[in-house]
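> I'm passing along coords_1.cif; it holds mmCIF, C-alpha atoms.
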data_final
loop_
_atom_site.label_atom_id
_atom_site.label_comp_id
_atom_site.auth_asym_id
_atom_site.auth_seq_id
_atom_site.Cartn_x
_atom_site.Cartn_y
_atom_site.Cartn_z
CA MET A 11 104.70 -25.99 118.72
CA SER A 12 105.05 -29.39 120.35
CA THR A 13 102.74 -30.06 123.27
CA VAL A 14 104.18 -33.35 124.45
CA CYS A 15 106.08 -31.94 127.44
CA VAL A 16 103.72 -29.09 128.15
CA SER A 17 101.78 -29.26 131.41
CA ASP A 18 98.02 -29.07 131.57
CA VAL A 19 98.20 -25.64 133.17
CA ASP A 20 100.25 -24.29 130.31
CA LEU A 21 97.87 -25.81 127.81
CA VAL A 22 94.97 -24.21 129.64
CA ALA A 23 96.70 -20.85 129.50
CA ARG A 24 97.26 -21.21 125.78
CA ALA A 25 93.69 -22.39 125.22
CA ARG A 26 92.44 -19.32 127.07
CA GLN A 27 94.34 -17.18 124.62
CA GLY A 28 92.47 -18.84 121.78
CA ASP A 29 94.85 -21.61 120.80
CA PRO A 30 92.62 -24.44 119.53
CA ALA A 31 95.54 -26.86 119.28
CA ALA A 32 96.20 -26.49 122.99
CA PHE A 33 92.66 -27.39 123.87
CA GLY A 34 92.79 -30.23 121.37
CA GLU A 35 95.79 -31.59 123.22
CA LEU A 36 93.87 -31.38 126.49
CA VAL A 37 91.05 -33.33 124.87
CA GLU A 38 93.48 -35.96 123.68
CA ARG A 39 95.07 -36.34 127.08
CA HIS A 40 91.89 -36.72 129.10
CA ARG A 41 89.34 -38.12 126.70
CA VAL A 42 89.59 -41.68 128.03
CA ALA A 43 89.22 -40.65 131.66
CA VAL A 44 86.28 -38.40 130.85
CA TYR A 45 84.68 -41.03 128.67
CA ARG A 46 84.96 -43.75 131.28
CA ALA A 47 83.54 -41.54 133.98
CA ALA A 48 80.56 -40.90 131.76
CA LEU A 49 80.32 -44.60 131.00
CA ALA A 50 80.28 -45.42 134.70
CA ALA A 51 77.40 -43.02 135.20
CA LEU A 52 75.41 -43.86 132.10
CA GLY A 53 76.25 -47.47 131.26
CA SER A 54 75.93 -46.84 127.56
CA HIS A 55 78.77 -46.21 125.15
CA ALA A 56 76.75 -43.91 122.92
CA ASP A 57 75.49 -41.79 125.80
CA ALA A 58 78.93 -41.74 127.35
CA GLU A 59 80.39 -40.43 124.11
CA ASP A 60 77.81 -37.63 123.96
CA ALA A 61 78.23 -36.73 127.59
CA ALA A 62 82.01 -36.70 127.27
CA GLN A 63 81.84 -34.36 124.30
CA ASP A 64 79.44 -32.10 126.16
CA ALA A 65 81.81 -32.10 129.11
CA PHE A 66 84.68 -30.86 126.97
CA LEU A 67 82.50 -28.15 125.46
CA VAL A 68 81.43 -26.98 128.89
CA ALA A 69 85.01 -27.08 130.09
CA PHE A 70 86.12 -24.96 127.16
CA ARG A 71 83.49 -22.36 127.92
CA ARG A 72 84.47 -22.32 131.58
CA LEU A 73 88.21 -22.26 131.13
CA ASP A 74 88.35 -18.83 132.69
CA THR A 75 86.91 -20.22 135.91
CA PHE A 76 89.70 -22.77 136.30
CA ARG A 77 91.87 -21.33 139.07
CA GLY A 78 94.26 -24.21 139.49
CA ASP A 79 93.16 -25.10 143.01
CA SER A 80 92.98 -28.70 141.88
CA SER A 81 94.50 -30.40 138.87
CA PHE A 82 92.95 -29.80 135.50
CA LYS A 83 92.01 -33.45 135.28
CA THR A 84 90.08 -33.30 138.55
CA TRP A 85 88.35 -30.11 137.47
CA LEU A 86 87.49 -31.66 134.13
CA LEU A 87 86.27 -34.90 135.69
CA THR A 88 83.97 -32.94 137.99
CA ILE A 89 82.41 -31.26 134.97
CA ALA A 90 82.18 -34.57 133.13
CA TRP A 91 80.53 -36.26 136.07
CA HIS A 92 77.94 -33.50 136.40
CA GLN A 93 77.23 -33.66 132.71
CA ALA A 94 76.80 -37.42 132.88
CA ILE A 95 74.54 -37.21 135.92
CA ASN A 96 72.39 -34.58 134.22
CA HIS A 97 72.24 -36.85 131.21
CA ARG A 98 71.24 -39.78 133.39
CA ARG A 99 68.48 -37.75 135.02
CA SER A 100 67.14 -36.62 131.69
CA LEU A 101 67.09 -40.17 130.44
CA GLY A 102 65.09 -41.31 133.44
CA ARG A 103 62.93 -44.28 132.80
CA VAL A 104 63.93 -44.52 129.19
CA TRP A 105 67.47 -45.18 130.33
CA ARG A 106 66.37 -47.88 132.71
CA ARG A 107 64.36 -49.70 130.10
CA MET A 108 66.33 -49.30 126.92
CA VAL A 109 69.92 -48.56 127.85
CA LEU A 110 70.10 -51.38 130.31
CA ALA A 111 68.73 -53.77 127.75
CA LYS A 112 71.22 -52.55 125.18
CA ASP A 113 74.08 -52.84 127.60
CA GLN A 114 72.92 -56.27 128.53
CA GLU A 115 73.55 -57.31 124.94
CA GLU A 116 76.92 -55.60 124.90
CA MET A 117 77.86 -57.18 128.17
CA GLU A 118 76.84 -60.59 127.00
CA SER A 119 79.11 -60.34 124.02
CA VAL A 120 81.97 -59.39 126.30
CA LEU A 121 81.26 -62.17 128.71
CA GLU A 122 81.02 -64.72 125.94
CA ASN A 123 84.55 -63.87 124.97
CA VAL A 124 85.65 -64.24 128.54
CA ALA A 125 83.88 -67.54 128.87
CA ALA A 126 85.40 -68.84 125.69
CA ALA A 127 88.79 -68.51 127.29
CA GLY A 128 87.90 -70.86 130.17
CA PRO A 129 89.66 -74.17 130.75
CA THR A 130 86.69 -76.48 130.12
CA PRO A 131 83.30 -75.93 128.52
CA GLU A 132 81.51 -76.63 131.80
CA GLY A 133 83.76 -74.35 133.77
CA ALA A 134 83.50 -71.67 131.19
CA THR A 135 79.72 -71.84 131.28
CA ALA A 136 79.61 -71.63 135.05
CA HIS A 137 82.03 -68.76 135.02
CA HIS A 138 79.95 -67.05 132.40
CA GLN A 139 76.80 -67.38 134.45
CA LEU A 140 78.54 -66.12 137.56
CA ARG A 141 79.81 -63.05 135.80
CA ARG A 142 76.38 -62.36 134.39
CA GLU A 143 74.93 -62.52 137.87
CA LEU A 144 77.67 -60.26 139.16
CA GLU A 145 77.03 -57.74 136.44
CA ARG A 146 73.32 -57.80 137.17
CA ALA A 147 73.93 -57.40 140.89
CA ILE A 148 76.26 -54.46 140.32
CA ARG A 149 73.76 -52.72 138.09
CA SER A 150 71.04 -53.19 140.66
CA LEU A 151 73.06 -51.38 143.34
CA SER A 152 71.98 -47.99 144.53
CA PRO A 153 73.52 -45.19 142.46
CA LYS A 154 75.81 -44.08 145.28
CA LEU A 155 77.30 -47.52 145.78
CA ARG A 156 77.42 -48.35 142.10
CA ASP A 157 79.09 -45.08 141.10
CA ALA A 158 81.75 -45.45 143.75
CA LEU A 159 82.45 -49.08 142.84
CA LEU A 160 82.63 -48.50 139.10
CA LEU A 161 84.80 -45.40 139.36
CA ALA A 162 87.12 -47.04 141.86
CA GLN A 163 87.55 -50.21 139.83
CA SER A 164 87.97 -48.48 136.50
CA GLY A 165 91.57 -47.81 137.45
CA ASP A 166 91.56 -44.34 135.93
CA TYR A 167 90.90 -42.29 139.06
CA SER A 168 92.37 -41.90 142.50
CA TYR A 169 90.14 -41.90 145.54
CA ASP A 170 90.81 -38.20 145.81
CA GLU A 171 89.49 -37.61 142.31
CA ILE A 172 86.49 -39.83 142.95
CA GLY A 173 85.74 -37.93 146.13
CA THR A 174 85.85 -34.65 144.26
CA MET A 175 83.60 -35.99 141.53
CA LEU A 176 81.06 -37.44 143.91
CA ARG A 177 81.45 -34.63 146.44
CA ALA A 178 82.17 -36.98 149.28
CA PRO A 179 85.15 -37.56 151.58
CA ILE A 180 87.64 -40.25 150.68
CA GLY A 181 86.60 -42.31 153.68
CA THR A 182 83.03 -42.25 152.51
CA ILE A 183 84.07 -43.35 149.04
CA LYS A 184 86.06 -46.28 150.44
CA TRP A 185 83.16 -47.29 152.61
CA ARG A 186 80.82 -47.17 149.63
CA VAL A 187 83.13 -49.41 147.61
CA SER A 188 83.36 -51.89 150.44
CA GLU A 189 79.63 -51.75 151.03
CA ALA A 190 78.98 -52.26 147.32
CA ARG A 191 81.06 -55.43 147.37
CA ARG A 192 79.25 -56.68 150.45
CA VAL A 193 75.82 -56.07 148.91
CA VAL A 194 76.83 -57.80 145.69
CA ARG A 195 78.12 -60.80 147.64
CA ALA A 196 74.90 -60.95 149.59
CA LYS A 197 72.86 -60.89 146.41
CA LEU A 198 74.91 -63.67 144.92
CA GLN A 199 74.50 -65.74 148.04
CA GLN A 200 70.76 -65.23 147.85
CA ARG A 201 70.86 -66.62 144.33
CA GLY A 202 72.84 -69.66 145.35
CA TYR A 203 76.25 -68.74 144.00
CA VAL A 204 78.07 -69.20 147.25
CA ASP A 205 79.48 -72.58 146.40
CA VAL A 206 80.54 -71.78 142.89
CA ARG A 207 84.26 -72.37 142.32
CA MET B 9 83.88 -69.40 147.01
CA SER B 10 85.87 -67.24 149.36
CA ASP B 11 84.99 -63.62 149.86
CA GLU B 12 88.37 -62.49 148.60
CA ARG B 13 87.97 -64.35 145.36
CA LEU B 14 84.45 -63.12 144.97
CA ASP B 15 85.61 -59.56 145.62
CA ARG B 16 88.22 -59.94 142.90
CA LEU B 17 85.53 -61.14 140.56
CA ILE B 18 83.32 -58.20 141.50
CA ASP B 19 86.15 -55.76 140.87
CA ASP B 20 86.91 -57.46 137.57
CA VAL B 21 83.33 -57.21 136.38
CA ALA B 22 83.11 -53.61 137.58
CA LYS B 23 86.23 -52.79 135.61
CA GLN B 24 84.75 -54.37 132.52
CA LEU B 25 81.61 -52.31 132.90
CA THR B 26 83.66 -49.12 132.58
CA ALA B 27 86.13 -50.46 130.05
CA GLY B 28 86.05 -48.89 126.67
CA GLN B 29 87.51 -46.20 124.55
CA PRO B 30 85.90 -43.21 122.95
CA SER B 31 85.72 -43.18 119.20
CA SER B 32 88.90 -42.50 117.29
CA ASP B 33 87.59 -39.21 115.97
CA PHE B 34 86.53 -38.00 119.41
CA ARG B 35 88.97 -35.10 119.43
CA ALA B 36 87.95 -34.01 115.95
CA ARG B 37 84.30 -34.09 116.93
CA VAL B 38 84.87 -31.95 119.99
CA ILE B 39 86.88 -29.40 118.03
CA ALA B 40 84.25 -29.36 115.29
CA ARG B 41 81.52 -28.70 117.85
CA LEU B 42 83.60 -25.94 119.37
CA ASP B 43 84.01 -24.28 116.01
CA SER B 44 80.35 -24.56 115.12
CA GLN B 45 79.13 -23.25 118.44
CA PRO B 46 78.40 -19.53 118.57
CA ARG B 47 80.01 -18.05 121.63
CA VAL B 48 77.10 -15.86 122.56
CA ALA B 49 77.79 -16.24 126.24
CA TRP B 50 81.14 -14.48 125.86
CA ARG B 51 79.77 -11.43 124.11
CA PRO B 52 81.17 -8.46 125.98
CA LEU B 53 78.94 -6.63 128.35
CA TRP B 54 79.72 -3.29 126.78
CA ILE B 55 77.89 -4.42 123.66
CA VAL B 56 74.96 -6.06 125.35
CA ALA B 57 74.23 -3.27 127.82
CA PRO B 58 73.77 -0.43 125.29
CA LEU B 59 71.71 -2.69 123.06
CA GLY B 60 69.46 -3.55 125.95
CA THR B 61 69.10 0.10 126.92
CA LEU B 62 68.25 1.03 123.35
CA ALA B 63 65.66 -1.72 123.15
CA VAL B 64 64.04 -0.53 126.37
CA ALA B 65 63.98 3.06 125.11
CA VAL B 66 62.34 2.04 121.85
CA LEU B 67 59.81 -0.02 123.76
CA VAL B 68 58.96 2.92 126.02
CA VAL B 69 58.46 5.20 123.02
CA LEU B 70 56.25 2.68 121.27
CA VAL B 71 54.15 2.14 124.37
CA ALA B 72 53.84 5.84 125.22
CA ARG B 73 52.96 6.95 121.69
CA PRO B 74 49.42 5.49 121.49
CA PHE B 75 48.48 7.29 124.68
CA SER B 76 49.40 10.70 123.30
CA THR B 77 47.55 10.32 119.98
CA SER B 78 44.72 8.00 120.84
CA ALA B 79 41.51 8.45 118.87
CA PRO B 80 39.11 9.13 121.80
CA GLN B 81 41.30 11.94 123.02
CA ARG B 82 41.51 13.48 119.58
CA VAL B 83 37.72 13.37 119.25
CA GLN B 84 37.26 14.87 122.67
CA ARG B 85 39.79 17.58 121.95
CA ALA B 86 38.05 18.46 118.68
CA THR B 87 34.69 18.67 120.45
CA VAL B 88 36.01 20.94 123.15
CA ASP B 89 37.85 23.26 120.79
CA ALA B 90 35.23 23.46 118.04
CA PRO B 91 33.62 26.75 119.19
CA LYS B 92 37.01 28.42 119.45
CA ARG B 93 38.03 27.33 115.97
CA GLU B 94 34.74 28.50 114.50
CA GLY B 95 35.28 31.92 115.97
CA ARG B 96 38.72 32.19 114.51
CA VAL B 97 38.23 30.80 111.01
CA GLY B 98 36.13 33.70 109.87
CA GLY B 99 38.21 36.32 111.58
CA GLN B 100 41.86 36.37 112.43
CA GLY B 101 42.35 32.66 112.02
CA ARG B 102 45.91 32.06 113.16
CA ASP B 103 46.27 35.29 115.07
CA ARG B 104 46.88 33.80 118.45
CA GLY B 105 48.12 37.08 119.77
CA ALA B 106 44.57 38.35 119.86
CA GLU B 107 43.52 35.72 122.32
CA SER B 108 43.60 36.50 125.96
CA PRO B 109 46.35 34.54 127.65
CA ALA B 110 44.43 34.76 130.87
CA LEU B 111 41.63 32.60 129.51
CA GLN B 112 43.72 29.83 128.04
CA ARG B 113 46.93 28.22 128.93
CA PRO B 114 49.68 28.53 126.37
CA GLY B 115 49.98 24.85 125.60
CA GLN B 116 46.24 24.45 125.50
CA THR B 117 45.89 27.23 122.99
CA ALA B 118 48.40 25.71 120.63
CA LYS B 119 46.78 22.32 120.84
CA ALA B 120 43.31 23.68 120.38
CA GLU B 121 44.19 25.33 117.12
CA MET B 122 46.02 22.45 115.52
CA PRO B 123 44.95 19.07 116.76
CA ASN B 124 46.93 17.31 114.06
CA GLY B 125 49.74 19.80 113.67
CA PHE B 126 47.89 21.72 110.95
CA GLY B 127 46.62 25.24 111.16
CA GLY B 128 43.35 26.65 110.03
CA THR B 129 44.64 27.07 106.49
CA GLY B 130 45.22 23.37 106.17
CA LYS B 131 48.94 23.83 105.76
CA PRO B 132 51.48 22.40 108.12
CA ASP B 133 51.93 24.69 111.02
CA THR B 134 55.60 25.39 111.52
CA THR B 135 54.90 27.28 114.70
CA TYR B 136 53.60 24.15 116.39
CA GLY B 137 54.95 23.84 119.87
CA ARG B 138 56.61 27.22 120.01
CA SER B 139 56.20 29.19 123.19
CA GLN B 140 54.01 32.19 123.04
CA PRO B 141 55.12 35.68 124.01
CA GLY B 142 54.48 36.23 127.64
CA THR B 143 54.40 32.60 128.60
CA ARG B 144 56.53 31.05 131.28
CA ASP B 145 58.88 29.44 128.79
CA ALA B 146 59.48 32.67 126.99
CA ALA B 147 59.88 34.59 130.20
CA ALA B 148 62.41 32.13 131.50
CA GLY B 149 64.29 32.07 128.21
CA ARG B 150 63.95 28.32 127.99
CA ARG B 151 63.54 26.26 124.87
CA PRO B 152 59.98 25.05 124.33
CA ASN B 153 59.22 21.63 125.68
CA PRO B 154 58.23 19.22 122.87
CA SER B 155 56.01 17.32 125.27
CA SER B 156 54.03 20.39 126.24
CA GLY B 157 51.27 19.32 123.82
CA ALA B 158 50.73 16.11 125.70
CA ALA B 159 50.78 18.02 128.96
CA ALA B 160 48.14 20.38 127.60
CA GLU B 161 45.95 17.44 126.64
CA ILE B 162 46.22 16.08 130.12
CA ALA B 163 45.49 19.51 131.54
CA VAL B 164 42.28 19.73 129.49
CA LEU B 165 41.04 16.49 130.93
CA ALA B 166 42.04 17.40 134.46
CA PRO B 167 39.20 18.12 136.94
CA PRO B 168 38.79 21.64 138.28
CA PRO B 169 40.97 22.39 141.25
CA LEU B 170 39.39 21.78 144.58
CA VAL B 171 38.57 24.83 146.66
CA VAL B 172 38.78 24.14 150.31
CA PRO B 173 36.87 26.62 152.51
CA PRO B 174 38.82 28.01 155.40
CA LEU B 175 38.20 26.28 158.64
CA ASP B 176 36.75 28.27 161.53
CA VAL B 177 38.82 27.21 164.40
CA GLU B 178 39.30 29.32 167.44
CA ALA B 179 42.76 29.96 168.57
CA ILE B 180 43.79 27.88 171.48
CA GLY B 181 44.66 30.09 174.42
CA LEU B 182 46.80 28.87 177.19
CA ASP B 183 46.28 30.25 180.66
CA ALA B 184 49.32 31.44 182.44
CA LEU B 185 50.61 28.92 184.87
CA PRO B 186 50.71 29.95 188.55
CA THR B 187 54.27 30.76 189.38
CA GLY B 188 54.09 31.05 193.14
CA SER B 189 57.23 30.29 195.08
CA ILE B 190 57.46 26.94 196.73
CA ALA B 191 57.76 27.37 200.40
CA VAL B 192 60.06 24.88 202.01
CA SER B 193 59.93 24.62 205.73
CA GLN B 194 63.24 25.03 207.40
CA LEU B 195 64.78 21.91 208.80
CA HIS B 196 65.27 21.63 212.44
CA ALA B 197 68.76 22.22 213.57
CA ILE B 198 70.46 19.08 214.64
CA THR B 199 72.10 19.27 217.94
CA PRO B 200 75.62 17.85 218.03
CA ILE B 201 75.90 14.44 219.48
CA ALA B 202 78.39 14.23 222.21
CA ILE B 203 80.16 10.94 222.39
CA ALA B 204 81.78 9.97 225.59
CA PRO B 205 85.51 9.30 225.17
CA LEU B 206 86.66 5.73 225.41
CA PRO B 207 88.43 4.93 228.62
CA ALA B 208 92.21 4.84 228.19
CA ASP B 209 94.48 2.44 229.87
CA ASP B 210 95.19 4.86 232.62
CA GLY B 211 91.53 5.47 233.12
CA ARG B 212 91.67 9.06 231.88
CA PRO B 213 89.82 10.05 228.74
CA SER B 214 92.09 10.95 225.84
CA GLU B 215 91.45 14.03 223.83
CA ALA B 216 92.78 12.30 220.71
CA ASN B 217 89.99 9.72 220.94
CA GLU B 218 87.31 12.31 221.22
CA VAL B 219 85.13 12.41 218.13
CA ARG B 220 83.08 15.36 217.15
CA ILE B 221 80.65 15.36 214.28
CA ASP B 222 80.61 18.48 212.27
CA ASP B 223 77.02 19.05 211.35
CA SER B 224 77.80 22.01 209.17
CA ARG B 225 78.92 19.60 206.37
CA ARG B 226 75.74 17.62 206.41
CA PRO B 227 73.37 18.22 203.53
CA THR B 228 70.18 19.92 204.49
#
Starting from the coordinates I provided, produce the structure as structure tokens.

Amino acid sequence: MSTVCVSDVDLVARARQGDPAAFGELVERHRVAVYRAALAALGSHADAEDAAQDAFLVAFRRLDTFRGDSSFKTWLLTIAWHQAINHRRSLGRVWRRMVLAKDQEEMESVLENVAAAGPTPEGATAHHQLRRELERAIRSLSPKLRDALLLAQSGDYSYDEIGTMLRAPIGTIKWRVSEARRVVRAKLQQRGYVDVR
Amino acid sequence: MSDERLDRLIDDVAKQLTAGQPSSDFRARVIARLDSQPRVAWRPLWIVAPLGTLAVAVLVVLVARPFSTSAPQRVQRATVDAPKREGRVGGQGRDRGAESPALQRPGQTAKAEMPNGFGGTGKPDTTYGRSQPGTRDAAAGRRPNPSSGAAAEIAVLAPPPLVVPPLDVEAIGLDALPTGSIAVSQLHAITPIAIAPLPADDGRPSEANEVRIDDSRRPT
């Protein structure tokens, strides 16, 4: 049976009845959103992949508890976020030392590509340095501010979904995003990047 | 650099930090993990509950068994019952009917003769645990209790019953209360109060304004 036009609720109902294809379709539909939420929390692609898979397994086991009060995506993202946060807590210091270093390398490769597209070599280098400083400043934010900023700017979630994930009102989420930007700006100014153009 | 431009840069970098795609075989991996995972958590309660009850019952039996057949008790039982057995081996042996039921309790008698379930002849005693004629079980028509042997062992080890001497306490006698009548002095009669009538307009007292107080309605 085709699942292209089938709603999430119908797929959930079929998955509850033991249809593996229905749950596979749910995985296909929401895997990117779940993965990026985990990536925002963990900062590592490998850990995000593991956490996202765990989230789908947990969701499958808890399908009976889904009552439809919110959308399936929101319900799934809440599970994914909790899984990622548990993963982040278990990583602890190891995450801070190793994952950040690994992501630093990944980020540098990304930023090099961005810099290569600049108009002049000097401008590209300056732009590259600025982005590196921005990335460092964002990572040094408090978890509350960083999570809100990354989830909001990923473009995959509404403020409502972010609020449900982080268990905070929408107004609080918006304030955190704004505050995160302000803190990052302040850090850049402290490092002398105010006049960079 | 303006704040707006810097904010756009911040948002752009934040977006890049969460940019990425899961592996192409992500769905297959999830499904594979679902298939390989035993769904123990969904095992129905009607299977788990009887299994748990059975396990508890087995555990109780295993724990209770050493207490009923422990070596010190067997040795003590053999020591206590040795004179009785000696008296019976040469004579009637298994004739329990000759024993006085008043001297021994039914369960105790059975246990004393066959500490290991064997009679004096060394053969398995098929009468082990049966109620004796005249006992409470037989009188009540009940089936013999398989655990009566253990109860008999406990009864052997039990201390003699305490005999409490009667207390010499004199009966408490209550004197009769004096029931004399209470004399209440009679109240003095209250003389009616005469109230002078209010002067009317014409100066003559009106009989309608005259007030008399009826003392007969007053409580004494």
> Any chance you could tabulate, as CSV, the residues of chain A at most 8 Å from chain B with each one's nearest atom pair and distance in Å to one decimal, using only C-alpha atoms, in chain and rising number order?

residue,atom,partner,partner_atom,distance
A:Pro30,CA,B:Ile39,CA,7.7
A:Gly34,CA,B:Arg35,CA,6.5
A:Val37,CA,B:Arg35,CA,6.1
A:Glu38,CA,B:Arg35,CA,6.3
A:Arg41,CA,B:Pro30,CA,7.2
A:Val42,CA,B:Gln29,CA,6.1
A:Tyr45,CA,B:Pro30,CA,6.2
A:Arg46,CA,B:Thr26,CA,5.7
A:Ala47,CA,B:Thr26,CA,7.7
A:Leu49,CA,B:Thr26,CA,5.8
A:Ala50,CA,B:Thr26,CA,5.4
A:Gly53,CA,B:Leu25,CA,7.4
A:His55,CA,B:Gly28,CA,7.9
A:Glu59,CA,B:Pro30,CA,6.3
A:Gln63,CA,B:Val38,CA,5.8
A:Phe66,CA,B:Val38,CA,7.1
A:Leu67,CA,B:Leu42,CA,6.6
A:Met117,CA,B:Leu25,CA,7.8
A:Arg141,CA,B:Val21,CA,6.8
A:Leu144,CA,B:Ile18,CA,6.5
A:Glu145,CA,B:Val21,CA,6.3
A:Ile148,CA,B:Ala22,CA,7.4
A:Leu159,CA,B:Ala22,CA,7.0
A:Leu160,CA,B:Ala22,CA,5.4
A:Leu161,CA,B:Thr26,CA,7.8
A:Gln163,CA,B:Lys23,CA,5.1
A:Ser164,CA,B:Lys23,CA,4.7
A:Gly165,CA,B:Lys23,CA,7.5
A:Arg191,CA,B:Asp15,CA,6.4
A:Val194,CA,B:Ile18,CA,7.7
A:Arg195,CA,B:Leu14,CA,7.3
A:Val204,CA,B:Met9,CA,5.8
A:Asp205,CA,B:Met9,CA,5.5
A:Val206,CA,B:Met9,CA,5.8
A:Arg207,CA,B:Met9,CA,5.6
> Rounded to one decimal, what separation in Å do you get between atom CA of Ala48 of chain A and atom CA of Ala94 of chain A?
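Separating atom CA of Ala48 of chain A from atom CA of Ala94 of chain A is a distance of 5.2 Å.
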> In Å, with one decimal, what is the gap from atom CA of Ser17 of chain A to atom CA of Thr174 of chain A?
21.2 Å
> Would you mind telling me which residue in A:Cys15, A:Tyr169, A:Ala90, A:Ala51 lies nearest to Gly181 of chain A when using all atoms listed in the file?
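When distances to Gly181 of chain A are compared using all atoms listed in the file, the smallest one comes from A:Tyr169.
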> Which residue gives the smallest distance to His97 of chain A among A:Arg149, A:Asp166, A:Asp157, A:Ala61, with only C-alpha atoms counted?
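Result for the nearest residue to His97 of chain A: A:Ala61.
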> Selection in question (the file shown): the PyMOL selection byres ((chain A and resi 18) around 12). Which residues does it include, as a ChimeraX atom specification?
/A:13-17,19-25,32-40,73,76,78,80-86
